[in-house]
Each structure stands twice: as C-alpha cells, then as structure tokens.
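For reference, my_file.pdb is printed below; it contains PDB, C-alpha atoms.
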```
ATOM      1  CA  MET P1042     102.419  83.280  96.286
ATOM      2  CA  THR P1043     104.485  85.260  93.839
ATOM      3  CA  ARG P1044     108.090  86.227  94.517
ATOM      4  CA  ASP P1045     106.995  89.850  94.974
ATOM      5  CA  GLU P1046     104.444  88.765  97.579
ATOM      6  CA  VAL P1047     107.108  86.747  99.410
ATOM      7  CA  LEU P1048     109.397  89.782  99.410
ATOM      8  CA  GLU P1049     106.575  91.925 100.761
ATOM      9  CA  LEU P1050     105.904  89.312 103.442
ATOM     10  CA  LEU P1051     109.564  89.354 104.425
ATOM     11  CA  GLN P1052     109.432  93.151 104.612
ATOM     12  CA  VAL P1053     106.538  92.862 107.060
ATOM     13  CA  ALA P1054     108.636  90.499 109.186
ATOM     14  CA  ASN P1055     111.570  92.889 108.835
ATOM     15  CA  GLY P1056     109.438  95.606 110.373
ATOM     16  CA  TYR P1057     109.350  93.523 113.546
ATOM     17  CA  ASP P1058     112.793  91.936 113.751
ATOM     18  CA  ASN P1059     115.124  93.805 111.354
ATOM     19  CA  ARG P1060     116.018  90.657 109.434
ATOM     20  CA  LYS P1061     118.381  90.934 106.460
ATOM     21  CA  ILE P1062     116.470  89.973 103.334
ATOM     22  CA  ASP P1063     118.467  88.483 100.475
ATOM     23  CA  ASN P1064     117.855  86.306  97.415
ATOM     24  CA  ILE P1065     118.554  83.056  99.266
ATOM     25  CA  MET P1066     116.045  83.910 101.998
ATOM     26  CA  ALA P1067     113.454  84.904  99.400
ATOM     27  CA  ALA P1068     113.992  81.644  97.500
ATOM     28  CA  CYS P1069     113.657  79.520 100.653
ATOM     29  CA  TRP P1070     110.531  81.321 101.829
ATOM     30  CA  SER P1071     109.073  81.048  98.314
ATOM     31  CA  GLU P1072     109.619  77.304  98.397
ATOM     32  CA  SER P1073     107.946  77.027 101.802
ATOM     33  CA  ALA P1074     105.026  79.115 100.559
ATOM     34  CA  ARG P1075     104.659  76.864  97.516
ATOM     35  CA  ARG P1076     104.848  73.620  99.492
ATOM     36  CA  ALA P1077     102.402  74.738 102.178
ATOM     37  CA  ARG P1078     100.168  76.617  99.692
ATOM     38  CA  TRP P1079     100.091  79.900 101.604
ATOM     39  CA  THR P1080      98.046  82.766 100.299
ATOM     40  CA  PHE P1081      99.521  86.206 100.718
ATOM     41  CA  HIS P1082      96.858  87.382 103.161
ATOM     42  CA  GLU P1083      97.109  84.222 105.279
ATOM     43  CA  ALA P1084     100.881  84.562 105.478
ATOM     44  CA  VAL P1085     100.809  88.255 106.424
ATOM     45  CA  ASP P1086      98.226  87.487 109.096
ATOM     46  CA  ALA P1087     100.497  84.709 110.405
ATOM     47  CA  VAL P1088     103.455  87.109 110.669
ATOM     48  CA  HIS P1089     101.423  89.672 112.579
ATOM     49  CA  GLU P1090      99.940  86.958 114.799
ATOM     50  CA  HIS P1091     103.399  85.576 115.576
ATOM     51  CA  PHE P1092     104.619  88.915 116.841
ATOM     52  CA  ALA P1093     101.326  89.796 118.563
ATOM     53  CA  SER P1094     101.278  86.501 120.461
ATOM     54  CA  GLY P1095     103.523  85.755 123.380
ATOM     55  CA  LYS P1096     106.172  84.176 121.138
ATOM     56  CA  PRO P1097     108.045  87.080 119.538
ATOM     57  CA  ARG P1098     111.299  85.901 121.123
ATOM     58  CA  GLU P1099     111.255  82.962 118.698
ATOM     59  CA  TYR P1100     112.843  84.001 115.403
ATOM     60  CA  LEU P1101     110.076  83.831 112.813
ATOM     61  CA  MET P1102     110.619  80.939 110.429
ATOM     62  CA  PRO P1103     108.501  79.643 107.518
ATOM     63  CA  GLY P1104     107.327  76.782 109.732
ATOM     64  CA  HIS P1105     105.684  79.272 112.087
ATOM     65  CA  VAL P1106     103.762  80.735 109.156
ATOM     66  CA  THR P1107     102.720  77.283 107.931
ATOM     67  CA  GLU P1108     101.598  76.305 111.435
ATOM     68  CA  HIS P1109      99.412  79.401 111.744
ATOM     69  CA  VAL P1110      97.977  79.041 108.215
ATOM     70  CA  ARG P1111      97.058  75.386 108.780
ATOM     71  CA  ALA P1112      95.499  76.139 112.158
ATOM     72  CA  SER P1113      93.419  78.970 110.710
ATOM     73  CA  ARG P1114      92.164  76.690 107.938
ATOM     74  CA  ARG P1115      91.113  74.022 110.443
ATOM     75  CA  TYR P1116      88.614  76.120 112.329
ATOM     76  CA  PRO P1117      85.398  77.533 110.910
ATOM     77  CA  ALA P1118      84.721  81.252 110.929
ATOM     78  CA  PRO P1119      83.252  82.667 114.142
ATOM     79  CA  MET P1120      79.456  82.578 114.238
ATOM     80  CA  SER P1121      79.294  86.376 114.150
ATOM     81  CA  GLU P1122      80.990  86.315 110.738
ATOM     82  CA  ILE P1123      78.732  83.533 109.483
ATOM     83  CA  ARG P1124      75.603  85.342 110.672
ATOM     84  CA  ALA P1125      76.777  88.512 108.919
ATOM     85  CA  LEU P1126      76.697  86.729 105.549
ATOM     86  CA  ASP P1127      73.665  87.460 103.411
ATOM     87  CA  PRO P1128      72.233  83.997 102.698
ATOM     88  CA  PRO P1129      70.280  83.382  99.501
ATOM     89  CA  PRO P1130      66.513  82.992  99.868
ATOM     90  CA  PRO P1131      65.182  79.434 100.226
ATOM     91  CA  ALA P1132      64.163  77.641  97.061
ATOM     92  CA  SER P1133      60.599  78.089  95.875
ATOM     93  CA  GLU P1134      58.093  75.261  96.132
ATOM     94  CA  GLU P1135      58.231  74.897  92.339
ATOM     95  CA  LYS P1136      62.029  74.544  92.357
ATOM     96  CA  ARG P1137      61.915  71.996  95.184
ATOM     97  CA  ALA P1138      59.298  69.958  93.335
ATOM     98  CA  GLU P1139      61.398  70.067  90.145
ATOM     99  CA  VAL P1140      64.526  68.893  91.968
ATOM    100  CA  MET P1141      62.633  66.095  93.732
ATOM    101  CA  ARG P1142      61.216  64.979  90.363
ATOM    102  CA  MET P1143      64.737  64.887  88.913
ATOM    103  CA  VAL P1144      66.044  62.897  91.900
ATOM    104  CA  ALA P1145      63.203  60.391  91.619
ATOM    105  CA  GLU P1146      63.775  60.043  87.865
ATOM    106  CA  PHE P1147      67.492  59.424  88.390
ATOM    107  CA  ALA P1148      66.814  56.945  91.211
ATOM    108  CA  ASN P1149      64.380  55.026  88.988
ATOM    109  CA  LYS P1150      67.009  54.758  86.242
ATOM    110  CA  LYS P1151      69.553  53.341  88.682
ATOM    111  CA  ALA P1152      67.187  51.092  90.628
ATOM    112  CA  VAL P1153      67.668  47.342  90.572
ATOM    113  CA  PRO P1154      64.385  45.496  90.104
ATOM    114  CA  PRO P1155      63.373  43.098  92.873
ATOM    115  CA  LEU P1156      64.710  39.562  92.444
ATOM    116  CA  TYR P1157      61.303  38.051  91.598
ATOM    117  CA  GLU P1158      60.959  40.432  88.625
ATOM    118  CA  GLN P1159      64.365  39.596  87.161
ATOM    119  CA  GLU P1160      64.607  37.086  84.380
ATOM    120  CA  LYS P1161      65.907  33.751  85.499
ATOM    121  CA  PRO P1162      68.997  32.464  83.716
ATOM    122  CA  GLY P1163      68.126  30.049  80.911
ATOM    123  CA  ALA P1164      64.443  31.024  80.856
TER     124      ALA P1164
END
```

Would you write out, as structure tokens, the structure that this file holds?
Amino acid sequence: MTRDEVLELLQVANGYDNRKIDNIMAACWSESARRARWTFHEAVDAVHEHFASGKPREYLMPGHVTEHVRASRRYPAPMSEIRALDPPPPASEEKRAEVMRMVAEFANKKAVPPLYEQEKPGA
C-alpha cells in the first residue's frame, strides 16, 4: 500500500473512533501494511468489518487488520460468487487431442526404457 492509501485507511478508521492521525502513526501502519502485504481494499474492508462486528470497543490496531486480511484470504469465495463468474467454454476435441499428443510426446522423451532393453555395462 502507498502512504496515501495508508492515510486514507486511517481516515476511514478516524470516521469511527476519532483517532488522531500523525506521521508516526502513518509510518507504523505503513510498516504493518508492508509486512502483512495488505491491499488497500482488503484493509478498508477489515476496518469496516472491525467496527461492524461486535468488537468495536477494542481500539483498532494494525494487528486487527492483518487478522481480518489473512482470514479473508484463507476462505474461498462463496459459491454464489463463483457461479456468477462467466467460465470459458470447454476445449474443443481438436485442442484436447493436440494437448494429449504433446503430453505423450513429452512423456516418451522422459521415459526410462525397461531394464532388459538397457545396455549392460561392459557389453
């Protein structure tokens, strides 16, 4: 996240808890964002989720954001979202045959001949 994004994130949090934003806070939150690899949208969602959940009495800290971001990355999207995606059409029979030919060709190059077909040492 950029410094401007971190400042915007802190402004979102400020909307909930009236925190005083200064350069030291911005630097610390920037470091947490870098270490935990937050994206801006994940972090904003984490702030909103923190205050929407039953935990708004806990002062929002970077660790809360990291915890939410990691948890959201662990779970797959709901099936309704997955079903809404427009999947590509299945491969044609010609394409499947071509890929299978390429796989077979590669496998033949890497195959080890049976022991009885190998040359014997010293022969």

| field | Selection result of the PyMOL selection byres ((chain P and resi 1108) around 12) on this file, as an MDAnalysis selection string | value | chainID P and resid 1073:1074 1077:1079 1083:1084 1086:1088 1090:1091 1101:1107 1109:1115

| said: Using all atoms listed in the file, can you tell me which of P:Glu1122, P:Asp1058, P:Glu1049, P:Glu1099 comes closest to His1082 in chain P? | reply: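 Looking only at the distances to His1082 in chain P, the closest residue turns out to be P:Glu1049.
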
| said: Could you tell me how far CA of Tyr1116 in chain P sits from CA of Ala1132 in chain P, in Å to one decimal place? | reply: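 Distance reported for this atom pair: 28.9 Å.
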
| said: Please determine, counting only C-alpha atoms, which residue among P:Pro1154, P:Tyr1100, P:Met1141, P:Phe1147 has the shortest atom-to-atom distance to Asn1055 in chain P. | reply: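 Between P:Pro1154, P:Tyr1100, P:Met1141, P:Phe1147, the residue approaching Asn1055 in chain P most closely is P:Tyr1100.
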
| Taking into account all atoms listed in the file, which residue in the set P:Ala1125, P:Val1053, P:Ala1093, P:Met1042 is nearest to Ala1068 in chain P? |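 Looking only at the distances to Ala1068 in chain P, the closest residue turns out to be P:Met1042.
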
Would you mind listing what lies within 9 Å of Ser1071 in chain P as a PDB file with C-alpha atoms, in the frame of the given file, with all atoms listed in the file counted and same-chain residues fewer than 5 positions away left out?
```pdb
ATOM      1  CA  MET P1042     102.419  83.280  96.286  1.00  0.00           C
ATOM      2  CA  THR P1043     104.485  85.260  93.839  1.00  0.00           C
ATOM      3  CA  ARG P1044     108.090  86.227  94.517  1.00  0.00           C
ATOM      4  CA  VAL P1047     107.108  86.747  99.410  1.00  0.00           C
ATOM      5  CA  LEU P1048     109.397  89.782  99.410  1.00  0.00           C
ATOM      6  CA  MET P1066     116.045  83.910 101.998  1.00  0.00           C
ATOM      7  CA  ARG P1076     104.848  73.620  99.492  1.00  0.00           C
TER       8      ARG P1076
END
```

Using the block above, I'd like range 1052-1117 of chain P written out, keeping C-alpha atoms and formatting it as a PDB file, in the first residue's frame.
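New file selection31.pdb:
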```
ATOM      1  CA  GLN P1052      -9.134   8.426   7.844  1.00  0.00           C
ATOM      2  CA  VAL P1053     -11.703   5.649   7.482  1.00  0.00           C
ATOM      3  CA  ALA P1054     -10.813   4.435  10.981  1.00  0.00           C
ATOM      4  CA  ASN P1055     -10.965   8.032  12.199  1.00  0.00           C
ATOM      5  CA  GLY P1056     -14.543   8.206  10.990  1.00  0.00           C
ATOM      6  CA  TYR P1057     -15.375   5.536  13.559  1.00  0.00           C
ATOM      7  CA  ASP P1058     -13.174   6.353  16.543  1.00  0.00           C
ATOM      8  CA  ASN P1059     -11.860   9.927  16.126  1.00  0.00           C
ATOM      9  CA  ARG P1060      -8.230   8.839  16.321  1.00  0.00           C
ATOM     10  CA  LYS P1061      -5.506  11.476  15.964  1.00  0.00           C
ATOM     11  CA  ILE P1062      -3.542  10.734  12.811  1.00  0.00           C
ATOM     12  CA  ASP P1063       0.087  11.832  12.735  1.00  0.00           C
ATOM     13  CA  ASN P1064       3.280  10.953  10.862  1.00  0.00           C
ATOM     14  CA  ILE P1065       4.378   8.362  13.423  1.00  0.00           C
ATOM     15  CA  MET P1066       1.041   6.544  13.221  1.00  0.00           C
ATOM     16  CA  ALA P1067       1.145   6.635   9.422  1.00  0.00           C
ATOM     17  CA  ALA P1068       4.696   5.248   9.407  1.00  0.00           C
ATOM     18  CA  CYS P1069       3.808   2.409  11.799  1.00  0.00           C
ATOM     19  CA  TRP P1070       0.671   1.455   9.890  1.00  0.00           C
ATOM     20  CA  SER P1071       2.631   1.616   6.621  1.00  0.00           C
ATOM     21  CA  GLU P1072       5.167  -0.808   8.042  1.00  0.00           C
ATOM     22  CA  SER P1073       2.420  -3.186   9.169  1.00  0.00           C
ATOM     23  CA  ALA P1074       0.797  -2.968   5.742  1.00  0.00           C
ATOM     24  CA  ARG P1075       4.120  -3.760   4.072  1.00  0.00           C
ATOM     25  CA  ARG P1076       4.934  -6.692   6.353  1.00  0.00           C
ATOM     26  CA  ALA P1077       1.484  -8.265   6.097  1.00  0.00           C
ATOM     27  CA  ARG P1078       1.090  -7.359   2.392  1.00  0.00           C
ATOM     28  CA  TRP P1079      -2.306  -5.687   2.734  1.00  0.00           C
ATOM     29  CA  THR P1080      -4.044  -4.363  -0.320  1.00  0.00           C
ATOM     30  CA  PHE P1081      -5.942  -1.136   0.097  1.00  0.00           C
ATOM     31  CA  HIS P1082      -9.351  -2.711  -0.488  1.00  0.00           C
ATOM     32  CA  GLU P1083      -8.660  -5.595   1.909  1.00  0.00           C
ATOM     33  CA  ALA P1084      -7.554  -3.182   4.617  1.00  0.00           C
ATOM     34  CA  VAL P1085     -10.562  -0.872   4.221  1.00  0.00           C
ATOM     35  CA  ASP P1086     -12.857  -3.891   4.352  1.00  0.00           C
ATOM     36  CA  ALA P1087     -11.090  -5.018   7.545  1.00  0.00           C
ATOM     37  CA  VAL P1088     -11.650  -1.614   9.181  1.00  0.00           C
ATOM     38  CA  HIS P1089     -15.341  -1.622   8.328  1.00  0.00           C
ATOM     39  CA  GLU P1090     -15.672  -5.245   9.449  1.00  0.00           C
ATOM     40  CA  HIS P1091     -13.978  -4.469  12.767  1.00  0.00           C
ATOM     41  CA  PHE P1092     -16.475  -1.762  13.586  1.00  0.00           C
ATOM     42  CA  ALA P1093     -19.457  -3.673  12.159  1.00  0.00           C
ATOM     43  CA  SER P1094     -18.651  -6.756  14.235  1.00  0.00           C
ATOM     44  CA  GLY P1095     -19.262  -6.984  17.935  1.00  0.00           C
ATOM     45  CA  LYS P1096     -15.737  -5.780  18.748  1.00  0.00           C
ATOM     46  CA  PRO P1097     -15.789  -2.004  18.260  1.00  0.00           C
ATOM     47  CA  ARG P1098     -14.843  -1.482  21.911  1.00  0.00           C
ATOM     48  CA  GLU P1099     -11.372  -2.799  21.056  1.00  0.00           C
ATOM     49  CA  TYR P1100      -9.216   0.045  19.742  1.00  0.00           C
ATOM     50  CA  LEU P1101      -8.444  -0.817  16.128  1.00  0.00           C
ATOM     51  CA  MET P1102      -4.803  -1.765  15.703  1.00  0.00           C
ATOM     52  CA  PRO P1103      -2.850  -2.948  12.632  1.00  0.00           C
ATOM     53  CA  GLY P1104      -2.966  -6.493  14.006  1.00  0.00           C
ATOM     54  CA  HIS P1105      -6.757  -6.478  13.740  1.00  0.00           C
ATOM     55  CA  VAL P1106      -6.468  -5.534  10.073  1.00  0.00           C
ATOM     56  CA  THR P1107      -3.857  -8.232   9.435  1.00  0.00           C
ATOM     57  CA  GLU P1108      -6.012 -10.828  11.200  1.00  0.00           C
ATOM     58  CA  HIS P1109      -9.030  -9.982   9.047  1.00  0.00           C
ATOM     59  CA  VAL P1110      -6.996  -9.865   5.808  1.00  0.00           C
ATOM     60  CA  ARG P1111      -5.405 -13.261   6.487  1.00  0.00           C
ATOM     61  CA  ALA P1112      -8.744 -14.815   7.407  1.00  0.00           C
ATOM     62  CA  SER P1113     -10.378 -13.487   4.244  1.00  0.00           C
ATOM     63  CA  ARG P1114      -7.560 -14.922   2.132  1.00  0.00           C
ATOM     64  CA  ARG P1115      -7.945 -18.355   3.735  1.00  0.00           C
ATOM     65  CA  TYR P1116     -11.504 -18.968   2.657  1.00  0.00           C
ATOM     66  CA  PRO P1117     -12.694 -19.354  -0.919  1.00  0.00           C
TER      67      PRO P1117
END
```
